[in-house]
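Only one structure is covered here, and it is reproduced in the block below.
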Amino acid sequence: MTLGPSAGQWAAAVAAVRSTGPDDEIQLICHVNPDGDALGSMLGFGLGLRRLGYTRVRATFPGDFVVPGPYRDLPGVDLLVPEPDAFAAPRLVLVFDVASESRLGALAARVADTPASVVLDHHASNTGFGGVQLVDPRAAATSVVADGLLSRLGVPLDAEIAECLYVALATDTGSFKFDMTTVSVHELAARLIATGIRPGEISRRIFDSKPFGAMKLTGEVIGRAVLEPDAAGGRGMVWTYATLADLARHGQPPYVLDALIDPVRSVAEADVSVVVKQVAPGEWSVSLRSKGAVDVSGVAVSQGGGGHRLAAGFTGYGEAAEVVDTVRLLLDEHLN
Ligand code: AMP
Ligand code: MN
Ligand code: MN
């Protein structure tokens, strides 16, 4: 179950790309509300296709065409088009960092309708959609899988491709801190840095640069966090929430809330951390993290979401407190 792609799957993915003509349309797609891994692995791979001579490559993601500020300067960002401008009937589709079709919105049909499709992913909860599956749950980021396919296609890493793959790797490993930070992760990072990219400069831009309003908003939302030491079978849970009104008051876009889980999950008294982020009236994007005692992907999957054992998410409905009540109950169920 935890095995990565087979030799046959790698060969099928290489064949899917090689059987595409240089002027054929190739559509790249990543998940809704894209993060550093989704955008970095997709754009890095797209640049690799350009190096191979493919001239008609577009990249997109479902929903509002909002690229989080830190990713707007990524190399290859010119490949990005809004969802309505994606190729209607591409020859080949490649999908990045998507565990299930629900994360593709209306673009799920584009994947299903395209005869040649390749899914590059690293979620254990991946549902197995698409034509060729390159899914490696042992990979720290989808960019590890993208690197594997690029090297099999004979694309050498250059600084632009490397910057994209590095951003993806650094974001999904929490800057090389999480449990998935293996020898091979550092070996890939070394190969990427060897192209001449500047990790310090990239990290400042991606992680350590935010508008003043985002800092004030973060302070307010952290200020209302609640610690429940008895939750999660006594392992403890810490949670907070942020509303659309909070965002509006500080003049901030929704993606600034995605970094909030990091300070919240640093609370020593709680194994589980939860951030409930309003996306519409009565609708919340829920981020779950565990330090190791609890498999939060089980909770997320039971609510129609997905993710990894220690980092997962789902869409919740009702009031924020009701969503937290649901998580509290599910944690107890999953532990008993
Ligand atoms: P996040 O908390 O948004 O950083 O997401 C943590 C992990 O959970 C990522 O691997 C996401 O792919 C996954 N995830 C988050 N929200 C959802 C969702 N609504 N459906 C499926 N997977 C999700
Ligand atoms: Mn992602
Ligand atoms: Mn990822």
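Naming scheme: A, B, ... for chains in displayed order of the structure tokens; residues 1 onward per chain; ligands 1 onward as shown.
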
A:Glu283 environment, 6 Å, only C-alpha atoms, sequence neighbours closer than 5 positions dropped, as number ranges by chain: A: 278, 316-317

Write out, as a short mmCIF file (atom, residue, chain, number, x, y, z; two decimals), in the first residue's frame, the residues just selected, with N, CA, C and O atoms.
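Final output, saved to part_23.cif:
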data_model
loop_
_atom_site.label_atom_id
_atom_site.label_comp_id
_atom_site.auth_asym_id
_atom_site.auth_seq_id
_atom_site.Cartn_x
_atom_site.Cartn_y
_atom_site.Cartn_z
N GLN A 278 -13.22 30.14 7.39
CA GLN A 278 -14.47 30.33 6.66
C GLN A 278 -14.17 30.61 5.18
O GLN A 278 -13.32 31.43 4.86
N GLY A 316 -15.97 21.70 6.12
CA GLY A 316 -16.99 21.53 7.15
C GLY A 316 -18.12 22.53 6.96
O GLY A 316 -17.95 23.57 6.32
N TYR A 317 -19.30 22.20 7.52
CA TYR A 317 -20.49 23.04 7.32
C TYR A 317 -21.13 23.40 8.65
O TYR A 317 -21.03 22.66 9.62
#

Write out as a tab-separated table a residue-level contact list of chain A versus ligand 3 with cut-off 7 Å: for each qualifying residue the closest pair of atoms and the distance in Å to one decimal, counting only C-alpha atoms and all ligand atoms, rows sorted by chain and residue number upward.
residue	atom	partner	partner_atom_place_in_ligand_line	distance
A:Asp37	CA	ligand 3	1 (Mn)	4.9
A:Ala38	CA	ligand 3	1 (Mn)	6.3
A:Asp97	CA	ligand 3	1 (Mn)	5.1
A:His122	CA	ligand 3	1 (Mn)	6.4
A:Ala141	CA	ligand 3	1 (Mn)	4.6
A:Thr142	CA	ligand 3	1 (Mn)	5.2
A:Asp172	CA	ligand 3	1 (Mn)	5.7

Could the residues in this selection be written to a file with C-alpha atoms, as a CSV table (one decimal), in the first residue's frame?
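Output contents, as saved in result.csv:
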chain,number,residue,atom,x,y,z
A,37,ASP,CA,3.8,21.9,-3.8
A,38,ALA,CA,0.9,22.1,-6.2
A,97,ASP,CA,-0.7,17.0,-5.9
A,122,HIS,CA,2.0,11.6,-2.9
A,141,ALA,CA,6.2,16.2,-1.9
A,142,THR,CA,4.7,15.8,-5.3
A,172,ASP,CA,5.5,20.4,2.1

How would you write, as a short mmCIF file (atom, residue, chain, number, x, y, z; two decimals) with N, CA, C and O atoms, in the first residue's frame, the set of residues no farther than 8 Å from ligand 1 when counting only C-alpha atoms and all ligand atoms?
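So result-v8.cif came out as:
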data_model
loop_
_atom_site.label_atom_id
_atom_site.label_comp_id
_atom_site.auth_asym_id
_atom_site.auth_seq_id
_atom_site.Cartn_x
_atom_site.Cartn_y
_atom_site.Cartn_z
N HIS A 31 -4.32 21.24 -7.62
CA HIS A 31 -5.54 21.31 -6.81
C HIS A 31 -6.02 22.73 -6.53
O HIS A 31 -5.27 23.69 -6.62
N ASP A 35 -1.17 25.27 -3.17
CA ASP A 35 -0.10 25.57 -2.22
C ASP A 35 1.24 25.51 -2.95
O ASP A 35 1.30 25.38 -4.17
N ASP A 97 -0.42 16.85 -7.32
CA ASP A 97 -0.73 17.05 -5.89
C ASP A 97 -2.22 16.95 -5.59
O ASP A 97 -2.71 17.58 -4.67
N VAL A 98 -2.94 16.15 -6.37
CA VAL A 98 -4.39 16.03 -6.23
C VAL A 98 -4.71 14.61 -5.77
O VAL A 98 -4.46 13.64 -6.49
N ALA A 99 -5.31 14.49 -4.56
CA ALA A 99 -5.59 13.16 -4.01
C ALA A 99 -6.90 12.59 -4.52
O ALA A 99 -7.08 11.38 -4.56
N SER A 100 -7.83 13.48 -4.88
CA SER A 100 -9.13 12.98 -5.34
C SER A 100 -9.74 13.99 -6.31
O SER A 100 -9.39 15.17 -6.31
N SER A 102 -12.44 15.41 -6.26
CA SER A 102 -13.16 16.52 -5.63
C SER A 102 -12.28 17.77 -5.52
O SER A 102 -12.79 18.88 -5.40
N ARG A 103 -10.97 17.60 -5.58
CA ARG A 103 -10.05 18.74 -5.48
C ARG A 103 -9.81 19.39 -6.84
O ARG A 103 -9.02 20.31 -6.97
N HIS A 123 -0.23 11.55 -1.90
CA HIS A 123 -1.18 11.34 -0.80
C HIS A 123 -1.52 9.86 -0.65
O HIS A 123 -1.92 9.22 -1.62
N ASP A 258 -3.67 30.16 5.44
CA ASP A 258 -3.10 28.82 5.30
C ASP A 258 -1.84 28.63 6.14
O ASP A 258 -1.49 27.50 6.51
N ILE A 261 -1.85 27.50 10.63
CA ILE A 261 -1.76 26.23 11.33
C ILE A 261 -0.37 26.04 11.95
O ILE A 261 -0.23 25.33 12.96
N SER A 285 -13.07 25.68 5.56
CA SER A 285 -11.96 24.82 5.19
C SER A 285 -11.21 24.48 6.48
O SER A 285 -10.76 25.37 7.20
N VAL A 286 -11.11 23.19 6.78
CA VAL A 286 -10.57 22.76 8.06
C VAL A 286 -9.19 22.14 7.87
O VAL A 286 -9.01 21.22 7.08
N SER A 287 -8.20 22.69 8.59
CA SER A 287 -6.84 22.12 8.57
C SER A 287 -6.60 21.35 9.86
O SER A 287 -6.83 21.86 10.95
N LEU A 288 -6.12 20.11 9.71
CA LEU A 288 -5.85 19.25 10.87
C LEU A 288 -4.37 18.87 10.86
O LEU A 288 -3.81 18.54 9.81
N ARG A 289 -3.75 18.89 12.03
CA ARG A 289 -2.38 18.41 12.16
C ARG A 289 -2.27 17.55 13.41
O ARG A 289 -2.96 17.79 14.39
N SER A 297 -5.74 11.95 9.00
CA SER A 297 -6.31 11.75 7.67
C SER A 297 -7.58 10.91 7.76
O SER A 297 -8.50 11.09 6.97
N ALA A 300 -10.31 13.31 8.41
CA ALA A 300 -10.60 14.11 7.21
C ALA A 300 -11.33 13.28 6.16
O ALA A 300 -12.32 13.73 5.58
N VAL A 301 -10.86 12.06 5.93
CA VAL A 301 -11.49 11.22 4.90
C VAL A 301 -12.94 10.91 5.28
O VAL A 301 -13.84 10.91 4.43
N GLY A 304 -15.18 13.44 3.97
CA GLY A 304 -15.10 13.73 2.54
C GLY A 304 -13.84 14.46 2.12
O GLY A 304 -13.72 14.90 0.99
N GLY A 305 -12.89 14.62 3.06
CA GLY A 305 -11.63 15.29 2.74
C GLY A 305 -10.52 14.29 2.50
O GLY A 305 -10.76 13.15 2.08
N GLY A 306 -9.29 14.69 2.82
CA GLY A 306 -8.16 13.80 2.59
C GLY A 306 -6.90 14.37 3.17
O GLY A 306 -6.93 15.32 3.94
N GLY A 307 -5.78 13.77 2.79
CA GLY A 307 -4.49 14.27 3.27
C GLY A 307 -3.58 13.16 3.70
O GLY A 307 -3.66 12.03 3.21
N HIS A 308 -2.69 13.48 4.62
CA HIS A 308 -1.68 12.56 5.10
C HIS A 308 -1.99 12.23 6.58
O HIS A 308 -2.81 12.88 7.20
N ALA A 311 -1.14 15.39 8.53
CA ALA A 311 -1.60 16.67 7.98
C ALA A 311 -2.74 16.40 7.01
O ALA A 311 -2.55 15.76 5.99
N ALA A 312 -3.92 16.88 7.36
CA ALA A 312 -5.08 16.56 6.52
C ALA A 312 -6.08 17.70 6.59
O ALA A 312 -5.91 18.65 7.36
N GLY A 313 -7.12 17.61 5.77
CA GLY A 313 -8.12 18.66 5.76
C GLY A 313 -9.42 18.21 5.15
O GLY A 313 -9.48 17.16 4.49
N PHE A 314 -10.47 18.97 5.43
CA PHE A 314 -11.78 18.69 4.83
C PHE A 314 -12.61 19.97 4.82
O PHE A 314 -12.19 20.99 5.38
N THR A 315 -13.75 19.93 4.15
CA THR A 315 -14.68 21.05 4.15
C THR A 315 -15.78 20.77 5.16
O THR A 315 -16.42 19.71 5.10
#

For A:Pro34, please output as a compact mmCIF listing (two decimals) with N, CA, C and O atoms, in the first residue's frame all residues within 12 Å (counting only C-alpha atoms; exclusion window: fewer than 5 positions along the same chain).
# COMPACT_ATOMS: atom_id res chain seq x y z
N ILE A 29 -2.68 20.53 -14.49
CA ILE A 29 -3.71 20.94 -13.52
C ILE A 29 -3.23 20.58 -12.12
O ILE A 29 -2.72 19.48 -11.89
N LEU A 39 1.71 24.24 -6.96
CA LEU A 39 2.21 25.16 -7.99
C LEU A 39 3.65 24.85 -8.37
O LEU A 39 4.01 24.86 -9.55
N GLY A 40 4.50 24.57 -7.38
CA GLY A 40 5.91 24.35 -7.66
C GLY A 40 6.14 23.11 -8.50
O GLY A 40 6.91 23.13 -9.47
N SER A 41 5.46 22.00 -8.17
CA SER A 41 5.67 20.78 -8.95
C SER A 41 5.09 20.94 -10.35
O SER A 41 5.68 20.51 -11.34
N MET A 42 3.94 21.61 -10.44
CA MET A 42 3.29 21.79 -11.76
C MET A 42 4.12 22.70 -12.66
O MET A 42 4.37 22.37 -13.83
N LEU A 43 4.55 23.86 -12.14
CA LEU A 43 5.30 24.81 -12.98
C LEU A 43 6.70 24.28 -13.29
O LEU A 43 7.21 24.46 -14.41
N ALA A 59 -0.95 25.71 -17.73
CA ALA A 59 -1.15 25.22 -16.36
C ALA A 59 -2.32 25.95 -15.75
O ALA A 59 -2.50 27.15 -15.99
N THR A 60 -3.12 25.26 -14.96
CA THR A 60 -4.27 25.91 -14.33
C THR A 60 -4.66 25.19 -13.05
O THR A 60 -4.07 24.16 -12.69
N PHE A 61 -5.64 25.76 -12.35
CA PHE A 61 -6.24 25.10 -11.19
C PHE A 61 -7.69 25.55 -11.12
O PHE A 61 -8.05 26.60 -11.68
N PRO A 62 -8.55 24.77 -10.46
CA PRO A 62 -9.97 25.10 -10.46
C PRO A 62 -10.29 26.30 -9.56
O PRO A 62 -9.56 26.59 -8.62
N GLY A 63 -11.37 26.97 -9.88
CA GLY A 63 -11.87 28.03 -9.02
C GLY A 63 -11.25 29.38 -9.31
O GLY A 63 -10.69 29.61 -10.38
N ASP A 64 -11.40 30.28 -8.33
CA ASP A 64 -10.90 31.65 -8.50
C ASP A 64 -9.42 31.64 -8.85
O ASP A 64 -8.64 30.90 -8.26
N PHE A 65 -9.06 32.50 -9.79
CA PHE A 65 -7.67 32.53 -10.26
C PHE A 65 -6.85 33.44 -9.34
O PHE A 65 -6.46 34.55 -9.71
N VAL A 66 -6.63 32.96 -8.13
CA VAL A 66 -5.84 33.71 -7.16
C VAL A 66 -4.57 32.91 -6.85
O VAL A 66 -4.65 31.81 -6.30
N VAL A 67 -3.44 33.46 -7.26
CA VAL A 67 -2.15 32.84 -6.95
C VAL A 67 -1.64 33.50 -5.67
O VAL A 67 -1.48 34.72 -5.64
N PRO A 68 -1.44 32.72 -4.59
CA PRO A 68 -0.95 33.33 -3.36
C PRO A 68 0.30 34.18 -3.60
O PRO A 68 1.19 33.77 -4.37
N GLY A 69 0.34 35.36 -2.98
CA GLY A 69 1.42 36.32 -3.20
C GLY A 69 2.81 35.72 -3.27
O GLY A 69 3.57 36.02 -4.20
N PRO A 70 3.17 34.86 -2.31
CA PRO A 70 4.54 34.35 -2.31
C PRO A 70 4.92 33.55 -3.56
O PRO A 70 6.10 33.38 -3.84
N TYR A 71 3.92 33.05 -4.30
CA TYR A 71 4.22 32.19 -5.45
C TYR A 71 4.15 32.94 -6.78
O TYR A 71 4.34 32.35 -7.84
N ARG A 72 3.85 34.24 -6.72
CA ARG A 72 3.64 34.98 -7.98
C ARG A 72 4.92 35.21 -8.76
O ARG A 72 4.89 35.52 -9.93
N LEU A 80 0.68 29.78 -16.34
CA LEU A 80 -0.61 29.73 -15.65
C LEU A 80 -1.68 30.50 -16.41
O LEU A 80 -1.46 31.64 -16.83
N PHE A 96 -1.27 17.38 -10.71
CA PHE A 96 -0.25 17.51 -9.67
C PHE A 96 -0.84 17.71 -8.28
O PHE A 96 -1.66 18.61 -8.07
N ASP A 97 -0.42 16.85 -7.32
CA ASP A 97 -0.73 17.05 -5.89
C ASP A 97 -2.22 16.95 -5.59
O ASP A 97 -2.71 17.58 -4.67
N VAL A 98 -2.94 16.15 -6.37
CA VAL A 98 -4.39 16.03 -6.23
C VAL A 98 -4.71 14.61 -5.77
O VAL A 98 -4.46 13.64 -6.49
N ARG A 103 -10.97 17.60 -5.58
CA ARG A 103 -10.05 18.74 -5.48
C ARG A 103 -9.81 19.39 -6.84
O ARG A 103 -9.02 20.31 -6.97
N LEU A 104 -10.51 18.86 -7.89
CA LEU A 104 -10.34 19.37 -9.25
C LEU A 104 -11.54 20.17 -9.73
O LEU A 104 -11.50 20.75 -10.82
N ALA A 168 8.38 23.70 -3.73
CA ALA A 168 7.43 22.61 -3.44
C ALA A 168 7.94 21.73 -2.30
O ALA A 168 7.20 21.40 -1.36
N THR A 171 8.02 23.73 1.12
CA THR A 171 6.71 23.97 1.74
C THR A 171 6.13 22.68 2.32
O THR A 171 5.67 22.66 3.45
N PRO A 254 -7.92 35.18 1.43
CA PRO A 254 -8.04 33.95 2.22
C PRO A 254 -6.74 33.17 2.37
O PRO A 254 -6.52 32.54 3.41
N TYR A 255 -5.86 33.19 1.36
CA TYR A 255 -4.69 32.31 1.44
C TYR A 255 -3.75 32.66 2.60
O TYR A 255 -2.97 31.81 3.03
N ASP A 258 -3.67 30.16 5.44
CA ASP A 258 -3.10 28.82 5.30
C ASP A 258 -1.84 28.63 6.14
O ASP A 258 -1.49 27.50 6.51

Residue set, stretch 87-239 of chain A restricted to strand (DSSP E or B), as a ChimeraX atom specification: /A:92-96,116-121,132-135,226-228,237-239

Please dump the current selection as an mmCIF file, in the first residue's frame; keep N, CA, C and O atoms.
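Result file is out-v7.cif:
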data_model
loop_
_atom_site.group_PDB
_atom_site.id
_atom_site.type_symbol
_atom_site.label_atom_id
_atom_site.label_comp_id
_atom_site.auth_asym_id
_atom_site.auth_seq_id
_atom_site.Cartn_x
_atom_site.Cartn_y
_atom_site.Cartn_z
ATOM 1 N N LEU A 92 -2.931 15.731 -23.924
ATOM 2 C CA LEU A 92 -2.400 15.100 -22.701
ATOM 3 C C LEU A 92 -2.712 15.997 -21.504
ATOM 4 O O LEU A 92 -2.598 17.221 -21.598
ATOM 5 N N VAL A 93 -3.110 15.352 -20.399
ATOM 6 C CA VAL A 93 -3.323 16.090 -19.147
ATOM 7 C C VAL A 93 -2.393 15.513 -18.087
ATOM 8 O O VAL A 93 -2.256 14.290 -17.968
ATOM 9 N N LEU A 94 -1.746 16.397 -17.334
ATOM 10 C CA LEU A 94 -0.950 15.959 -16.185
ATOM 11 C C LEU A 94 -1.501 16.652 -14.934
ATOM 12 O O LEU A 94 -1.787 17.851 -14.967
ATOM 13 N N VAL A 95 -1.679 15.876 -13.875
ATOM 14 C CA VAL A 95 -2.336 16.369 -12.658
ATOM 15 C C VAL A 95 -1.341 16.312 -11.501
ATOM 16 O O VAL A 95 -0.644 15.303 -11.335
ATOM 17 N N PHE A 96 -1.274 17.380 -10.714
ATOM 18 C CA PHE A 96 -0.254 17.509 -9.674
ATOM 19 C C PHE A 96 -0.844 17.709 -8.280
ATOM 20 O O PHE A 96 -1.661 18.613 -8.072
ATOM 21 N N ALA A 116 -5.219 10.532 -22.743
ATOM 22 C CA ALA A 116 -3.933 10.339 -22.054
ATOM 23 C C ALA A 116 -3.861 11.252 -20.847
ATOM 24 O O ALA A 116 -3.896 12.484 -20.981
ATOM 25 N N SER A 117 -3.802 10.675 -19.636
ATOM 26 C CA SER A 117 -3.652 11.491 -18.431
ATOM 27 C C SER A 117 -2.697 10.807 -17.464
ATOM 28 O O SER A 117 -2.664 9.580 -17.362
ATOM 29 N N VAL A 118 -1.915 11.636 -16.784
ATOM 30 C CA VAL A 118 -0.951 11.147 -15.798
ATOM 31 C C VAL A 118 -1.171 11.926 -14.506
ATOM 32 O O VAL A 118 -1.240 13.157 -14.528
ATOM 33 N N VAL A 119 -1.284 11.202 -13.394
ATOM 34 C CA VAL A 119 -1.483 11.833 -12.088
ATOM 35 C C VAL A 119 -0.205 11.676 -11.275
ATOM 36 O O VAL A 119 0.232 10.557 -10.996
ATOM 37 N N LEU A 120 0.395 12.818 -10.915
ATOM 38 C CA LEU A 120 1.586 12.806 -10.051
ATOM 39 C C LEU A 120 1.151 13.244 -8.660
ATOM 40 O O LEU A 120 0.622 14.355 -8.495
ATOM 41 N N ASP A 121 1.356 12.379 -7.661
ATOM 42 C CA ASP A 121 0.844 12.721 -6.327
ATOM 43 C C ASP A 121 1.598 11.944 -5.255
ATOM 44 O O ASP A 121 2.365 11.013 -5.553
ATOM 45 N N VAL A 132 -2.697 7.142 -15.949
ATOM 46 C CA VAL A 132 -1.476 6.583 -15.365
ATOM 47 C C VAL A 132 -1.286 7.210 -13.987
ATOM 48 O O VAL A 132 -1.293 8.432 -13.863
ATOM 49 N N GLN A 133 -1.124 6.375 -12.970
ATOM 50 C CA GLN A 133 -0.934 6.913 -11.611
ATOM 51 C C GLN A 133 0.529 6.820 -11.196
ATOM 52 O O GLN A 133 1.083 5.727 -11.081
ATOM 53 N N LEU A 134 1.109 7.993 -10.973
ATOM 54 C CA LEU A 134 2.429 8.062 -10.343
ATOM 55 C C LEU A 134 2.196 8.592 -8.937
ATOM 56 O O LEU A 134 2.294 9.796 -8.687
ATOM 57 N N VAL A 135 1.822 7.708 -8.034
ATOM 58 C CA VAL A 135 1.470 8.110 -6.669
ATOM 59 C C VAL A 135 2.452 7.448 -5.714
ATOM 60 O O VAL A 135 2.532 6.217 -5.673
ATOM 61 N N VAL A 226 -8.181 28.023 21.543
ATOM 62 C CA VAL A 226 -8.670 27.314 22.735
ATOM 63 C C VAL A 226 -7.880 26.015 22.875
ATOM 64 O O VAL A 226 -7.706 25.283 21.899
ATOM 65 N N LEU A 227 -7.401 25.740 24.106
ATOM 66 C CA LEU A 227 -6.711 24.482 24.393
ATOM 67 C C LEU A 227 -7.645 23.554 25.148
ATOM 68 O O LEU A 227 -8.221 23.947 26.158
ATOM 69 N N GLU A 228 -7.813 22.340 24.639
ATOM 70 C CA GLU A 228 -8.645 21.338 25.310
ATOM 71 C C GLU A 228 -7.757 20.143 25.646
ATOM 72 O O GLU A 228 -7.585 19.236 24.827
ATOM 73 N N MET A 237 -6.072 18.868 22.276
ATOM 74 C CA MET A 237 -6.387 19.501 20.989
ATOM 75 C C MET A 237 -6.351 21.009 21.195
ATOM 76 O O MET A 237 -6.804 21.512 22.222
ATOM 77 N N VAL A 238 -5.791 21.721 20.235
ATOM 78 C CA VAL A 238 -5.839 23.181 20.245
ATOM 79 C C VAL A 238 -6.508 23.617 18.956
ATOM 80 O O VAL A 238 -6.249 23.034 17.897
ATOM 81 N N TRP A 239 -7.410 24.591 19.075
ATOM 82 C CA TRP A 239 -8.123 24.999 17.858
ATOM 83 C C TRP A 239 -8.387 26.498 17.848
ATOM 84 O O TRP A 239 -8.416 27.141 18.891
#

Test item: residues at most 7 Å from stretch 47-52 of chain A, only C-alpha atoms, excluding those fewer than 5 positions along its chain, as a PyMOL selection string: chain A and resi 76+150+155+161

How would the residues just picked look written out with all heavy atoms as a compact mmCIF listing (two decimals), in the first residue's frame?
# COMPACT_ATOMS: atom_id res chain seq x y z
N GLY A 76 8.19 30.19 -14.54
CA GLY A 76 7.14 29.42 -15.21
C GLY A 76 5.74 29.89 -14.88
O GLY A 76 4.75 29.29 -15.33
N LEU A 150 10.79 13.85 -14.66
CA LEU A 150 11.68 14.70 -15.47
C LEU A 150 12.98 13.98 -15.78
O LEU A 150 13.47 14.01 -16.91
CB LEU A 150 11.97 16.02 -14.74
CG LEU A 150 10.83 17.05 -14.73
CD1 LEU A 150 11.18 18.22 -13.79
CD2 LEU A 150 10.51 17.55 -16.13
N VAL A 155 15.30 15.28 -18.86
CA VAL A 155 15.38 16.75 -18.70
C VAL A 155 16.37 17.07 -17.59
O VAL A 155 16.14 16.71 -16.43
CB VAL A 155 14.01 17.34 -18.33
CG1 VAL A 155 14.10 18.87 -18.19
CG2 VAL A 155 12.96 16.96 -19.36
N ILE A 161 13.75 25.40 -13.14
CA ILE A 161 13.02 24.19 -12.74
C ILE A 161 13.31 23.92 -11.25
O ILE A 161 12.41 23.63 -10.47
CB ILE A 161 13.45 22.98 -13.59
CG1 ILE A 161 13.05 23.20 -15.06
CG2 ILE A 161 12.85 21.69 -13.05
CD1 ILE A 161 13.58 22.14 -16.02

Spatial neighbours of stretch 243-253 of chain A, 12 Å, only C-alpha atoms, chain gap at least 6 places, as an NGL selection string: :A and (33 or 64 or 66-69 or 210-221 or 275-285 or 319-320)
